[in-house]
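Asker: You'll find target-v8.cif just under this line, and it carries mmCIF, N, CA and C atoms.
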data_upload
#
loop_
_atom_site.group_PDB
_atom_site.id
_atom_site.type_symbol
_atom_site.label_atom_id
_atom_site.label_comp_id
_atom_site.auth_asym_id
_atom_site.auth_seq_id
_atom_site.Cartn_x
_atom_site.Cartn_y
_atom_site.Cartn_z
ATOM 1 N N MET F 1 -13.916 12.308 9.431
ATOM 2 C CA MET F 1 -14.851 11.321 8.962
ATOM 3 C C MET F 1 -14.367 10.682 7.661
ATOM 4 N N ILE F 2 -13.872 11.517 6.759
ATOM 5 C CA ILE F 2 -13.378 10.994 5.488
ATOM 6 C C ILE F 2 -12.128 10.154 5.708
ATOM 7 N N ALA F 3 -11.267 10.586 6.635
ATOM 8 C CA ALA F 3 -10.048 9.832 6.913
ATOM 9 C C ALA F 3 -10.378 8.451 7.475
ATOM 10 N N ALA F 4 -11.367 8.383 8.359
ATOM 11 C CA ALA F 4 -11.748 7.094 8.944
ATOM 12 C C ALA F 4 -12.318 6.164 7.869
ATOM 13 N N ALA F 5 -13.105 6.718 6.965
ATOM 14 C CA ALA F 5 -13.651 5.906 5.886
ATOM 15 C C ALA F 5 -12.548 5.422 4.951
ATOM 16 N N THR F 6 -11.580 6.276 4.690
ATOM 17 C CA THR F 6 -10.461 5.900 3.832
ATOM 18 C C THR F 6 -9.630 4.795 4.473
ATOM 19 N N ILE F 7 -9.377 4.913 5.758
ATOM 20 C CA ILE F 7 -8.603 3.889 6.470
ATOM 21 C C ILE F 7 -9.368 2.572 6.497
ATOM 22 N N ALA F 8 -10.663 2.645 6.743
ATOM 23 C CA ALA F 8 -11.472 1.419 6.757
ATOM 24 C C ALA F 8 -11.470 0.749 5.387
ATOM 25 N N MET F 9 -11.569 1.546 4.338
ATOM 26 C CA MET F 9 -11.559 0.986 2.979
ATOM 27 C C MET F 9 -10.200 0.358 2.673
ATOM 28 N N ALA F 10 -9.121 1.006 3.095
ATOM 29 C CA ALA F 10 -7.782 0.463 2.859
ATOM 30 C C ALA F 10 -7.598 -0.861 3.597
ATOM 31 N N LEU F 11 -8.070 -0.940 4.830
ATOM 32 C CA LEU F 11 -7.957 -2.186 5.586
ATOM 33 C C LEU F 11 -8.796 -3.298 4.963
ATOM 34 N N LEU F 12 -9.970 -2.947 4.480
ATOM 35 C CA LEU F 12 -10.815 -3.933 3.814
ATOM 36 C C LEU F 12 -10.151 -4.458 2.542
ATOM 37 N N LEU F 13 -9.593 -3.548 1.750
ATOM 38 C CA LEU F 13 -8.910 -3.972 0.520
ATOM 39 C C LEU F 13 -7.687 -4.824 0.821
ATOM 40 N N ALA F 14 -6.950 -4.472 1.881
ATOM 41 C CA ALA F 14 -5.784 -5.265 2.257
ATOM 42 C C ALA F 14 -6.205 -6.666 2.698
ATOM 43 N N ALA F 15 -7.282 -6.747 3.470
ATOM 44 C CA ALA F 15 -7.766 -8.054 3.913
ATOM 45 C C ALA F 15 -8.215 -8.896 2.718
ATOM 46 N N LEU F 16 -8.904 -8.274 1.785
ATOM 47 C CA LEU F 16 -9.319 -9.009 0.587
ATOM 48 C C LEU F 16 -8.120 -9.444 -0.240
ATOM 49 N N ALA F 17 -7.110 -8.574 -0.311
ATOM 50 C CA ALA F 17 -5.918 -8.917 -1.080
ATOM 51 C C ALA F 17 -5.176 -10.090 -0.450
ATOM 52 N N LEU F 18 -5.216 -10.190 0.876
ATOM 53 C CA LEU F 18 -4.518 -11.290 1.550
ATOM 54 C C LEU F 18 -5.358 -12.560 1.632
ATOM 55 N N TRP F 19 -6.635 -12.462 1.321
ATOM 56 C CA TRP F 19 -7.488 -13.631 1.426
ATOM 57 C C TRP F 19 -7.897 -14.161 0.053
ATOM 58 N N LEU F 20 -8.383 -13.294 -0.813
ATOM 59 C CA LEU F 20 -8.912 -13.744 -2.092
ATOM 60 C C LEU F 20 -7.852 -13.903 -3.178
ATOM 61 N N VAL F 21 -6.930 -12.956 -3.258
ATOM 62 C CA VAL F 21 -5.932 -13.004 -4.337
ATOM 63 C C VAL F 21 -5.050 -14.249 -4.244
ATOM 64 N N PRO F 22 -4.524 -14.616 -3.061
ATOM 65 C CA PRO F 22 -3.713 -15.847 -3.013
ATOM 66 C C PRO F 22 -4.504 -17.099 -3.391
ATOM 67 N N GLU F 23 -5.768 -17.144 -2.975
ATOM 68 C CA GLU F 23 -6.595 -18.290 -3.361
ATOM 69 C C GLU F 23 -6.764 -18.355 -4.873
ATOM 70 N N TRP F 24 -6.973 -17.206 -5.481
ATOM 71 C CA TRP F 24 -7.134 -17.148 -6.933
ATOM 72 C C TRP F 24 -5.829 -17.533 -7.635
ATOM 73 N N LEU F 25 -4.702 -16.996 -7.133
ATOM 74 C CA LEU F 25 -3.418 -17.319 -7.747
ATOM 75 C C LEU F 25 -3.064 -18.790 -7.563
ATOM 76 N N ALA F 26 -3.404 -19.358 -6.418
ATOM 77 C CA ALA F 26 -3.092 -20.767 -6.160
ATOM 78 C C ALA F 26 -3.962 -21.692 -6.996
ATOM 79 N N GLY F 27 -5.063 -21.183 -7.529
ATOM 80 C CA GLY F 27 -5.930 -21.998 -8.360
ATOM 81 C C GLY F 27 -5.443 -22.128 -9.793
ATOM 82 N N LEU F 28 -4.369 -21.445 -10.120
ATOM 83 C CA LEU F 28 -3.829 -21.534 -11.470
ATOM 84 C C LEU F 28 -3.271 -22.936 -11.711
ATOM 85 N N PRO F 29 -3.218 -23.382 -12.957
ATOM 86 C CA PRO F 29 -2.832 -24.778 -13.256
ATOM 87 C C PRO F 29 -1.441 -25.187 -12.761
ATOM 88 N N TYR F 30 -0.494 -24.273 -12.714
ATOM 89 C CA TYR F 30 0.858 -24.668 -12.327
ATOM 90 C C TYR F 30 0.971 -24.957 -10.833
ATOM 91 N N ALA F 31 -0.017 -24.613 -10.039
ATOM 92 C CA ALA F 31 0.065 -24.770 -8.586
ATOM 93 C C ALA F 31 -0.671 -26.004 -8.088
ATOM 94 N N ARG F 32 -0.986 -26.937 -8.945
ATOM 95 C CA ARG F 32 -1.784 -28.106 -8.544
ATOM 96 C C ARG F 32 -0.997 -29.091 -7.677
ATOM 97 N N ALA F 33 0.320 -29.084 -7.738
ATOM 98 C CA ALA F 33 1.118 -30.067 -7.007
ATOM 99 C C ALA F 33 0.971 -29.891 -5.491
ATOM 100 N N ASP F 34 1.129 -28.685 -4.986
ATOM 101 C CA ASP F 34 1.019 -28.420 -3.551
ATOM 102 C C ASP F 34 0.242 -27.123 -3.359
ATOM 103 N N PRO F 35 -1.075 -27.182 -3.287
ATOM 104 C CA PRO F 35 -1.877 -25.959 -3.223
ATOM 105 C C PRO F 35 -1.660 -25.155 -1.941
ATOM 106 N N VAL F 36 -1.343 -25.811 -0.825
ATOM 107 C CA VAL F 36 -1.122 -25.070 0.420
ATOM 108 C C VAL F 36 0.127 -24.211 0.311
ATOM 109 N N LYS F 37 1.188 -24.785 -0.248
ATOM 110 C CA LYS F 37 2.420 -24.016 -0.434
ATOM 111 C C LYS F 37 2.195 -22.890 -1.438
ATOM 112 N N ALA F 38 1.406 -23.145 -2.475
ATOM 113 C CA ALA F 38 1.121 -22.123 -3.480
ATOM 114 C C ALA F 38 0.372 -20.948 -2.866
ATOM 115 N N VAL F 39 -0.595 -21.242 -2.000
ATOM 116 C CA VAL F 39 -1.334 -20.161 -1.325
ATOM 117 C C VAL F 39 -0.404 -19.384 -0.411
ATOM 118 N N GLY F 40 0.456 -20.068 0.312
ATOM 119 C CA GLY F 40 1.416 -19.392 1.195
ATOM 120 C C GLY F 40 2.379 -18.507 0.433
ATOM 121 N N ASP F 41 2.876 -19.009 -0.673
ATOM 122 C CA ASP F 41 3.793 -18.218 -1.495
ATOM 123 C C ASP F 41 3.098 -16.989 -2.089
ATOM 124 N N ALA F 42 1.861 -17.184 -2.533
ATOM 125 C CA ALA F 42 1.114 -16.053 -3.093
ATOM 126 C C ALA F 42 0.803 -15.033 -2.009
ATOM 127 N N ARG F 43 0.488 -15.507 -0.822
ATOM 128 C CA ARG F 43 0.202 -14.588 0.293
ATOM 129 C C ARG F 43 1.460 -13.797 0.665
ATOM 130 N N THR F 44 2.619 -14.440 0.640
ATOM 131 C CA THR F 44 3.877 -13.748 0.919
ATOM 132 C C THR F 44 4.132 -12.652 -0.111
ATOM 133 N N ALA F 45 3.868 -12.957 -1.370
ATOM 134 C CA ALA F 45 4.052 -11.963 -2.422
ATOM 135 C C ALA F 45 3.081 -10.791 -2.258
ATOM 136 N N CYS F 46 1.850 -11.085 -1.868
ATOM 137 C CA CYS F 46 0.867 -10.010 -1.652
ATOM 138 C C CYS F 46 1.265 -9.115 -0.487
ATOM 139 N N VAL F 47 1.765 -9.706 0.594
ATOM 140 C CA VAL F 47 2.216 -8.911 1.740
ATOM 141 C C VAL F 47 3.389 -8.027 1.338
ATOM 142 N N ALA F 48 4.324 -8.582 0.583
ATOM 143 C CA ALA F 48 5.471 -7.793 0.124
ATOM 144 C C ALA F 48 5.017 -6.628 -0.745
ATOM 145 N N PHE F 49 4.044 -6.873 -1.621
ATOM 146 C CA PHE F 49 3.518 -5.800 -2.468
ATOM 147 C C PHE F 49 2.845 -4.716 -1.636
ATOM 148 N N LEU F 50 2.043 -5.108 -0.645
ATOM 149 C CA LEU F 50 1.364 -4.121 0.194
ATOM 150 C C LEU F 50 2.359 -3.307 1.021
ATOM 151 N N VAL F 51 3.415 -3.946 1.493
ATOM 152 C CA VAL F 51 4.450 -3.223 2.245
ATOM 153 C C VAL F 51 5.161 -2.227 1.336
ATOM 154 N N ALA F 52 5.492 -2.647 0.124
ATOM 155 C CA ALA F 52 6.150 -1.740 -0.820
ATOM 156 C C ALA F 52 5.231 -0.583 -1.194
ATOM 157 N N LEU F 53 3.959 -0.856 -1.370
ATOM 158 C CA LEU F 53 2.997 0.201 -1.673
ATOM 159 C C LEU F 53 2.901 1.191 -0.515
ATOM 160 N N GLY F 54 2.842 0.688 0.704
ATOM 161 C CA GLY F 54 2.815 1.559 1.883
ATOM 162 C C GLY F 54 4.073 2.391 2.007
ATOM 163 N N ALA F 55 5.222 1.796 1.714
ATOM 164 C CA ALA F 55 6.480 2.549 1.773
ATOM 165 C C ALA F 55 6.503 3.645 0.715
ATOM 166 N N GLY F 56 6.014 3.339 -0.473
ATOM 167 C CA GLY F 56 5.963 4.350 -1.532
ATOM 168 C C GLY F 56 5.055 5.511 -1.162
ATOM 169 N N ILE F 57 3.889 5.198 -0.588
ATOM 170 C CA ILE F 57 2.979 6.263 -0.163
ATOM 171 C C ILE F 57 3.609 7.097 0.948
ATOM 172 N N THR F 58 4.326 6.448 1.855
ATOM 173 C CA THR F 58 4.990 7.174 2.938
ATOM 174 C C THR F 58 6.057 8.111 2.401
ATOM 175 N N VAL F 59 6.844 7.645 1.443
ATOM 176 C CA VAL F 59 7.887 8.497 0.846
ATOM 177 C C VAL F 59 7.246 9.676 0.119
ATOM 178 N N TRP F 60 6.172 9.433 -0.611
ATOM 179 C CA TRP F 60 5.485 10.525 -1.317
ATOM 180 C C TRP F 60 4.950 11.552 -0.325
ATOM 181 N N TYR F 61 4.301 11.087 0.753
ATOM 182 C CA TYR F 61 3.723 11.998 1.738
ATOM 183 C C TYR F 61 4.815 12.795 2.456
ATOM 184 N N THR F 62 5.926 12.145 2.774
ATOM 185 C CA THR F 62 7.028 12.834 3.430
ATOM 186 C C THR F 62 7.621 13.901 2.514
ATOM 187 N N GLY F 63 7.802 13.584 1.242
ATOM 188 C CA GLY F 63 8.304 14.569 0.285
ATOM 189 C C GLY F 63 7.363 15.739 0.127
ATOM 190 N N ARG F 64 6.073 15.457 0.092
ATOM 191 C CA ARG F 64 5.077 16.531 -0.022
ATOM 192 C C ARG F 64 5.111 17.431 1.208
ATOM 193 N N THR F 65 5.195 16.840 2.395
ATOM 194 C CA THR F 65 5.249 17.616 3.628
ATOM 195 C C THR F 65 6.511 18.466 3.676
ATOM 196 N N TYR F 66 7.636 17.895 3.265
ATOM 197 C CA TYR F 66 8.893 18.646 3.253
ATOM 198 C C TYR F 66 8.810 19.834 2.300
ATOM 199 N N ARG F 67 8.264 19.604 1.108
ATOM 200 C CA ARG F 67 8.145 20.684 0.123
ATOM 201 C C ARG F 67 7.243 21.805 0.639
ATOM 202 N N LEU F 68 6.123 21.451 1.240
ATOM 203 C CA LEU F 68 5.219 22.469 1.776
ATOM 204 C C LEU F 68 5.863 23.219 2.937
ATOM 205 N N SER F 69 6.637 22.535 3.741
ATOM 206 C CA SER F 69 7.333 23.178 4.850
ATOM 207 C C SER F 69 8.376 24.165 4.335
ATOM 208 N N ARG F 70 9.100 23.774 3.302
ATOM 209 C CA ARG F 70 10.104 24.680 2.715
ATOM 210 C C ARG F 70 9.435 25.922 2.142
ATOM 211 N N GLU F 71 8.306 25.754 1.457
ATOM 212 C CA GLU F 71 7.590 26.901 0.901
ATOM 213 C C GLU F 71 7.110 27.824 2.013
ATOM 214 N N GLY F 72 6.661 27.240 3.132
ATOM 215 C CA GLY F 72 6.230 28.052 4.274
ATOM 216 C C GLY F 72 7.375 28.827 4.882
ATOM 217 N N ASN F 73 8.549 28.215 4.954
ATOM 218 C CA ASN F 73 9.718 28.904 5.512
ATOM 219 C C ASN F 73 10.128 30.077 4.626
ATOM 220 N N ILE F 74 10.089 29.894 3.325
ATOM 221 C CA ILE F 74 10.454 30.972 2.403
ATOM 222 C C ILE F 74 9.454 32.120 2.524
ATOM 223 N N THR F 75 8.168 31.799 2.630
ATOM 224 C CA THR F 75 7.151 32.828 2.775
ATOM 225 C C THR F 75 7.319 33.578 4.102
ATOM 226 N N ASP F 76 7.651 32.883 5.165
ATOM 227 C CA ASP F 76 7.843 33.525 6.462
ATOM 228 C C ASP F 76 9.042 34.462 6.451
ATOM 229 N N ARG F 77 10.061 34.167 5.692
ATOM 230 C CA ARG F 77 11.238 35.033 5.631
ATOM 231 C C ARG F 77 10.899 36.381 4.999
ATOM 232 N N TYR F 78 10.003 36.364 4.020
ATOM 233 C CA TYR F 78 9.615 37.616 3.386
ATOM 234 C C TYR F 78 8.660 38.424 4.246
ATOM 235 N N ALA F 79 7.942 37.769 5.117
ATOM 236 C CA ALA F 79 6.945 38.460 5.947
ATOM 237 C C ALA F 79 7.570 39.098 7.114
#
Could I get this file's structure written as structure tokens?
Answerer:
Amino acid sequence: MIAAATIAMALLLAALALWLVPEWLAGLPYARADPVKAVGDARTACVAFLVALGAGITVWYTGRTYRLSREGNITDRYA
């Protein structure tokens, strides 16, 4: 139940990040020349950030799983 709520919250935040943040960034004064291109560029940057964040979380989780597995193997050898 907690995992489903966490996933739903993450998807909601990602959707907001891809919808609201680019609009906000494109509203800055330097983007007045071509607002559609500014929104597209900001959306590309947000997607890249979310992908990098997901990759970082994946690397952290994989390292944690590996460390716990190694500790389990050492404990099993003594048992």
Asker: Work out how far atom C of F:Leu50 is from atom CA of F:Thr62, in Å to one decimal.
Answerer: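 These atoms are spaced 17.0 Å apart.
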Asker: Find the smallest box with edges along x, y and z containing every listed atom of stretch 54-67 of chain F, then add 8 Å on each side and report centre and edge lengths in Å to one decimal, as AutoDock Vina command-line options.
Answerer:
--center_x 5.9 --center_y 11.2 --center_z 1.1 --size_x 22.1 --size_y 37.1 --size_z 21.2
Asker: Between atom CA of F:Ala38 and atom CA of F:Glu23, what is the distance, to one decimal in Å?
Answerer: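 Atom-to-atom, atom CA of F:Ala38 to atom CA of F:Glu23, that is 8.6 Å.
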Asker: Quick one, how far is atom C of F:Ala17 from atom N of F:Thr65?
Answerer: 29.0 Å
Asker: Excluding F:Pro22 and its own-chain neighbours fewer than 2 positions away, which residues fall within 7 Å of it when counting all atoms listed in the file? Please give them as number ranges by chain.
Answerer: F: 16-20, 24-27, 38-43
